[in-house]
Amino acid sequence: MSGESRTKVTYGMHALVLGVGALLLQSCGDGSTPPSETGTREQRIFVVNTASESLSVIDHDSAEVVATVTLGNRPHGQGVPSNGERIYVTTDDREVDDGEVIAVNTRTLEIEWRLPIGGQLNEPHMTRDDRFLFVPDLIGFRTVVVDVNRREIASEIEMRDPRDGSGLIALHNTYASHDGESMYVTAILSQRIAEIGSASHEITRILDLDGDPRPASITKDDRKMYVQLSDLHGFIELDLETGRETARVQWPEPPNFPPGYLEGESLPAKCHGIGIRPGERELWAATNLESAVYVYSLPDLEQLALIEVGSMPNWIAFSAGGGTAYVTNNAPLEERGTVSVIDTEAKVVRKTLTVGKEPKRIHRVDLR
């Protein structure tokens with residue numbers, strides 16, 4: 001089936017007033033863009049709604065959902081090139097193992113192409129030159145490298161520990177080093193992170209962890225990685241030069257779990273959202289158990305704030321200037337999830353937006 005025939009875009013009323021959205025919201029208290037954001041490119045925030053098989057599109061200036069793009073095939077993650085022309089959404093329909101990469105134009109919101117890869121595709125990442133998309137296959141023992149210019153598979157990396165040949169199980173998230181030299185793929189059940197050469201497409205190193213790696217974030221100097229673990233209510237700090245854990249932050253667990261936490265076939269991670277605020281002075285880390293986001297100073301990891309958001313927050317994105325944070329709230333018992341729009345200076349939620357069911361990955365795109 002062609003991309004055109006499988007595309008459905010629904011525009012909200014604010015799509016007609018994107019150019020004047022900031023004028024409708026005069027103060028930071030009602031979600032308008034902080035002064036530090038002026039002069040940047042137009043920004044859109046893309047939210048993957050897994051259960052409703054769609055993308056929600058948020059206009060940063062108006063802080064409103066302006067469109068919904070129907071994708072199908074259970075979308076999971078998304079990769080964002082620096083040129084802002086399109087995003088690449090991965091799918092992981094676990095009943096049929098027919099994972100795809102879906103290229104969506106970030107201005108027209110049309111699906112430009114779909115590339116069948118198979119498997120259960122999780123969070124991908126673009127190489128820094130915007131040429132290749134590294135896509136982890138959850139249980140396929142492989143990371144697929146897609147040449148987005150040619151719209152084809154460039155290579156498949158067999159995900160085995162070079163030290164003993166063991167397969168890396170439950171490949172989950174991918175991250176690019178800022179120098180463009182490496183890609184990092186987390187393997188949840190193997191409790192390892194594989195470092196892959198961006199050019200060689202070969203595993204160059206394995207980082208061993210004390211726990212199952214979930215979301216992570218890397219400092220711009222490529223020296224530190226902050227990682228959440230499935231059974232840790234908190235996060236760890238890794239030294240990327242040595243591969244060793246250098247700090248562990250653990251929070252007390254509340255006496256009661258949030259609604260829906262115990263409803264699935266397996267328990268979700270205690271924490272599943274972490275990000276470094278632009279400027280690199282703050283680390284933001286979400287907690288499923290408390291339905292909140294902790295804020296820590298960098299590099300000394302002193303707690304600065306605890307911000308209550310929606311039920312079971314899942315992922316974090318920041319505006320270009322760092323004045324706003326967007327947090328997806330999974331809310332598994334609700335028909336639709338939400339996104340918390342947070343003033344990062346005041347450390348308060350300014351607005352809560354309704355999106356699709358089970359919102360997960362969220363990314364900012366700077367449009368050209």
# chains A, B, ... in the order shown; residues from 1 in each chain; ligands from 1
call {"tool": "select_by_dssp", "arguments": {"residues": "range 163-358 of chain A", "states": "strand (DSSP E)", "output": "ChimeraX atom specification"}}
result
/A:171-176,182-187,192-197,203-208,213-218,224-229,234-239,244-250,274-276,282-287,292-297,303-308,313-318,324-329,338-343,348-354
call {"tool": "residues_around", "arguments": {"residues": "range 328-333 of chain A", "least_positions_apart": "4", "cutoff": "10 Å", "atoms": "only C-alpha atoms", "output": "ChimeraX atom specification"}}
result
/A:47-51,258-261,263-264,273,286,288,291-292,309-317,337-341,352-362
call {"tool": "residues_around", "arguments": {"residues": "Ile157 in chain A", "least_positions_apart": "4", "cutoff": "12 Å", "atoms": "only C-alpha atoms", "output": "PDB file with N, CA and C atoms, in the first residue's frame"}}
result
ATOM      1  N   PHE A 134      20.292   4.465  12.450  1.00  0.00           N
ATOM      2  CA  PHE A 134      20.588   3.204  13.135  1.00  0.00           C
ATOM      3  C   PHE A 134      19.336   2.759  13.889  1.00  0.00           C
ATOM      4  N   VAL A 135      18.825   1.568  13.545  1.00  0.00           N
ATOM      5  CA  VAL A 135      17.533   1.102  14.048  1.00  0.00           C
ATOM      6  C   VAL A 135      17.714  -0.224  14.794  1.00  0.00           C
ATOM      7  N   PRO A 136      17.472  -0.265  16.115  1.00  0.00           N
ATOM      8  CA  PRO A 136      17.593  -1.521  16.847  1.00  0.00           C
ATOM      9  C   PRO A 136      16.345  -2.386  16.703  1.00  0.00           C
ATOM     10  N   ASP A 137      16.543  -3.673  16.499  1.00  0.00           N
ATOM     11  CA  ASP A 137      15.453  -4.651  16.410  1.00  0.00           C
ATOM     12  C   ASP A 137      15.386  -5.370  17.762  1.00  0.00           C
ATOM     13  N   GLY A 140      15.696  -9.192  17.567  1.00  0.00           N
ATOM     14  CA  GLY A 140      16.267  -9.720  16.329  1.00  0.00           C
ATOM     15  C   GLY A 140      17.775  -9.844  16.337  1.00  0.00           C
ATOM     16  N   PHE A 141      18.424  -9.489  17.461  1.00  0.00           N
ATOM     17  CA  PHE A 141      19.892  -9.552  17.556  1.00  0.00           C
ATOM     18  C   PHE A 141      20.562  -8.784  16.420  1.00  0.00           C
ATOM     19  N   ARG A 142      19.976  -7.653  16.036  1.00  0.00           N
ATOM     20  CA  ARG A 142      20.547  -6.878  14.941  1.00  0.00           C
ATOM     21  C   ARG A 142      20.190  -5.407  15.101  1.00  0.00           C
ATOM     22  N   THR A 143      21.077  -4.569  14.582  1.00  0.00           N
ATOM     23  CA  THR A 143      20.778  -3.157  14.395  1.00  0.00           C
ATOM     24  C   THR A 143      20.847  -2.893  12.896  1.00  0.00           C
ATOM     25  N   VAL A 144      19.758  -2.388  12.348  1.00  0.00           N
ATOM     26  CA  VAL A 144      19.669  -2.151  10.915  1.00  0.00           C
ATOM     27  C   VAL A 144      20.105  -0.712  10.632  1.00  0.00           C
ATOM     28  N   VAL A 145      20.986  -0.549   9.651  1.00  0.00           N
ATOM     29  CA  VAL A 145      21.446   0.782   9.248  1.00  0.00           C
ATOM     30  C   VAL A 145      20.764   1.141   7.938  1.00  0.00           C
ATOM     31  N   VAL A 146      19.964   2.191   7.968  1.00  0.00           N
ATOM     32  CA  VAL A 146      19.199   2.626   6.805  1.00  0.00           C
ATOM     33  C   VAL A 146      19.850   3.860   6.188  1.00  0.00           C
ATOM     34  N   ILE A 153      18.229  -0.346   2.986  1.00  0.00           N
ATOM     35  CA  ILE A 153      19.093  -0.867   4.045  1.00  0.00           C
ATOM     36  C   ILE A 153      20.537  -0.828   3.559  1.00  0.00           C
ATOM     37  N   ASP A 161      28.126  -9.754  21.601  1.00  0.00           N
ATOM     38  CA  ASP A 161      29.257  -9.277  22.392  1.00  0.00           C
ATOM     39  C   ASP A 161      30.536  -9.856  21.794  1.00  0.00           C
ATOM     40  N   GLY A 167      24.584 -13.153  22.295  1.00  0.00           N
ATOM     41  CA  GLY A 167      23.680 -12.205  21.677  1.00  0.00           C
ATOM     42  C   GLY A 167      23.215 -11.153  22.663  1.00  0.00           C
ATOM     43  N   LEU A 168      23.037  -9.943  22.186  1.00  0.00           N
ATOM     44  CA  LEU A 168      22.530  -8.847  23.010  1.00  0.00           C
ATOM     45  C   LEU A 168      21.009  -8.828  22.905  1.00  0.00           C
ATOM     46  N   MET A 183      27.861   5.238  17.799  1.00  0.00           N
ATOM     47  CA  MET A 183      26.452   5.056  18.128  1.00  0.00           C
ATOM     48  C   MET A 183      26.390   4.099  19.310  1.00  0.00           C
ATOM     49  N   VAL A 185      23.884   1.526  21.492  1.00  0.00           N
ATOM     50  CA  VAL A 185      22.619   0.784  21.494  1.00  0.00           C
ATOM     51  C   VAL A 185      22.494   0.057  22.827  1.00  0.00           C
ATOM     52  N   ALA A 194      26.095  -1.395  23.731  1.00  0.00           N
ATOM     53  CA  ALA A 194      27.068  -1.636  22.665  1.00  0.00           C
ATOM     54  C   ALA A 194      27.454  -0.312  22.026  1.00  0.00           C
ATOM     55  N   GLU A 195      28.751  -0.060  21.933  1.00  0.00           N
ATOM     56  CA  GLU A 195      29.259   1.093  21.199  1.00  0.00           C
ATOM     57  C   GLU A 195      29.632   0.639  19.790  1.00  0.00           C
ATOM     58  N   ILE A 196      29.088   1.324  18.788  1.00  0.00           N
ATOM     59  CA  ILE A 196      29.266   0.944  17.389  1.00  0.00           C
ATOM     60  C   ILE A 196      29.942   2.088  16.643  1.00  0.00           C
ATOM     61  N   GLY A 197      30.905   1.777  15.792  1.00  0.00           N
ATOM     62  CA  GLY A 197      31.516   2.801  14.956  1.00  0.00           C
ATOM     63  C   GLY A 197      30.519   3.311  13.934  1.00  0.00           C
ATOM     64  N   SER A 198      30.312   4.613  13.895  1.00  0.00           N
ATOM     65  CA  SER A 198      29.338   5.183  12.963  1.00  0.00           C
ATOM     66  C   SER A 198      29.710   4.919  11.513  1.00  0.00           C
ATOM     67  N   SER A 200      32.232   2.429  10.547  1.00  0.00           N
ATOM     68  CA  SER A 200      32.567   1.023  10.312  1.00  0.00           C
ATOM     69  C   SER A 200      31.371   0.098  10.422  1.00  0.00           C
ATOM     70  N   HIS A 201      30.333   0.519  11.139  1.00  0.00           N
ATOM     71  CA  HIS A 201      29.149  -0.312  11.392  1.00  0.00           C
ATOM     72  C   HIS A 201      29.552  -1.600  12.123  1.00  0.00           C
ATOM     73  N   GLU A 202      30.536  -1.511  13.001  1.00  0.00           N
ATOM     74  CA  GLU A 202      30.994  -2.649  13.789  1.00  0.00           C
ATOM     75  C   GLU A 202      31.008  -2.282  15.274  1.00  0.00           C
ATOM     76  N   ILE A 203      30.712  -3.287  16.105  1.00  0.00           N
ATOM     77  CA  ILE A 203      30.766  -3.066  17.550  1.00  0.00           C
ATOM     78  C   ILE A 203      32.221  -2.899  17.971  1.00  0.00           C
ATOM     79  N   THR A 204      32.507  -1.773  18.626  1.00  0.00           N
ATOM     80  CA  THR A 204      33.879  -1.477  19.047  1.00  0.00           C
ATOM     81  C   THR A 204      34.106  -1.676  20.534  1.00  0.00           C
TER      82      THR A 204
END
call {"tool": "residues_around", "arguments": {"residues": "range 216-228 of chain A", "least_positions_apart": "4", "cutoff": "9 Å", "atoms": "only C-alpha atoms", "output": "mmCIF file with C-alpha atoms, in the first residue's frame"}}
result
data_model
loop_
_atom_site.group_PDB
_atom_site.id
_atom_site.type_symbol
_atom_site.label_atom_id
_atom_site.label_comp_id
_atom_site.auth_asym_id
_atom_site.auth_seq_id
_atom_site.Cartn_x
_atom_site.Cartn_y
_atom_site.Cartn_z
ATOM 1 C CA ASN A 173 17.340 2.739 22.434
ATOM 2 C CA THR A 174 20.027 4.243 20.203
ATOM 3 C CA TYR A 175 22.118 7.373 20.802
ATOM 4 C CA ALA A 176 24.776 9.178 18.733
ATOM 5 C CA SER A 177 27.929 10.600 20.237
ATOM 6 C CA HIS A 178 28.203 14.334 19.654
ATOM 7 C CA ASP A 179 31.520 13.981 17.826
ATOM 8 C CA THR A 186 21.172 -0.348 24.816
ATOM 9 C CA GLY A 211 20.948 -3.195 35.792
ATOM 10 C CA ASP A 212 18.749 -3.093 32.677
ATOM 11 C CA LEU A 232 16.276 1.506 39.827
ATOM 12 C CA HIS A 233 14.118 4.359 41.037
ATOM 13 C CA GLY A 234 16.638 6.958 39.949
ATOM 14 C CA PHE A 235 19.538 6.937 37.471
ATOM 15 C CA ILE A 236 23.259 6.288 37.127
ATOM 16 C CA GLU A 237 26.175 8.257 35.710
ATOM 17 C CA LEU A 238 28.646 6.508 33.398
ATOM 18 C CA ASP A 239 32.131 7.682 32.531
ATOM 19 C CA LEU A 240 32.314 7.024 28.786
ATOM 20 C CA GLU A 241 36.103 6.949 28.720
ATOM 21 C CA ALA A 269 10.432 0.424 34.228
ATOM 22 C CA LYS A 270 10.378 2.450 37.417
ATOM 23 C CA CYS A 271 11.767 5.379 35.426
ATOM 24 C CA HIS A 272 11.554 5.962 31.686
ATOM 25 C CA GLY A 273 12.527 9.467 30.654
ATOM 26 C CA ILE A 274 15.750 11.459 31.001
ATOM 27 C CA GLY A 275 17.308 14.428 29.255
ATOM 28 C CA ILE A 276 19.907 17.151 29.566
ATOM 29 C CA GLU A 280 24.026 21.505 30.150
ATOM 30 C CA LEU A 283 19.548 16.960 34.164
ATOM 31 C CA ALA A 285 14.714 12.600 35.010
#
call {"tool": "closest_residue", "arguments": {"among": "A:Ile111, A:Leu121, A:Leu367, A:Ile45", "to": "Arg74 in chain A", "atoms": "only C-alpha atoms"}}
result
A:Leu121
call {"tool": "closest_residue", "arguments": {"among": "A:Glu345, A:Asp92, A:Glu282, A:Glu302", "to": "Ile117 in chain A", "atoms": "only C-alpha atoms"}}
result
A:Asp92
call {"tool": "atom_distance", "arguments": {"atom1": "CA of Tyr88 in chain A", "atom2": "CA of Gln120 in chain A"}}
result
15.0 Å
call {"tool": "atom_distance", "arguments": {"atom1": "CA of Glu42 in chain A", "atom2": "CA of Asp366 in chain A"}}
result
5.8 Å
call {"tool": "closest_residue", "arguments": {"among": "A:Ala170, A:Ala199, A:Ile87, A:Ala320", "to": "Arg128 in chain A", "atoms": "only C-alpha atoms"}}
result
A:Ala199
call {"tool": "closest_residue", "arguments": {"among": "A:Gln250, A:Asn122, A:Ser54, A:Asn83", "to": "Gln303 in chain A", "atoms": "only C-alpha atoms"}}
result
A:Gln250
call {"tool": "residues_around", "arguments": {"residues": "Ile307 in chain A", "least_positions_apart": "3", "cutoff": "7 Å", "atoms": "only C-alpha atoms", "output": "ChimeraX atom specification"}}
result
/A:292-294,347-348
call {"tool": "write_last_selection", "arguments": {"atoms": "C-alpha atoms", "output": "mmCIF file, in the first residue's frame"}}
result
data_model
loop_
_atom_site.group_PDB
_atom_site.id
_atom_site.type_symbol
_atom_site.label_atom_id
_atom_site.label_comp_id
_atom_site.auth_asym_id
_atom_site.auth_seq_id
_atom_site.Cartn_x
_atom_site.Cartn_y
_atom_site.Cartn_z
ATOM 1 C CA ALA A 292 6.904 13.435 38.445
ATOM 2 C CA VAL A 293 10.169 14.809 37.067
ATOM 3 C CA TYR A 294 13.270 15.382 39.169
ATOM 4 C CA LYS A 347 9.951 24.660 37.320
ATOM 5 C CA VAL A 348 6.152 24.587 36.994
#
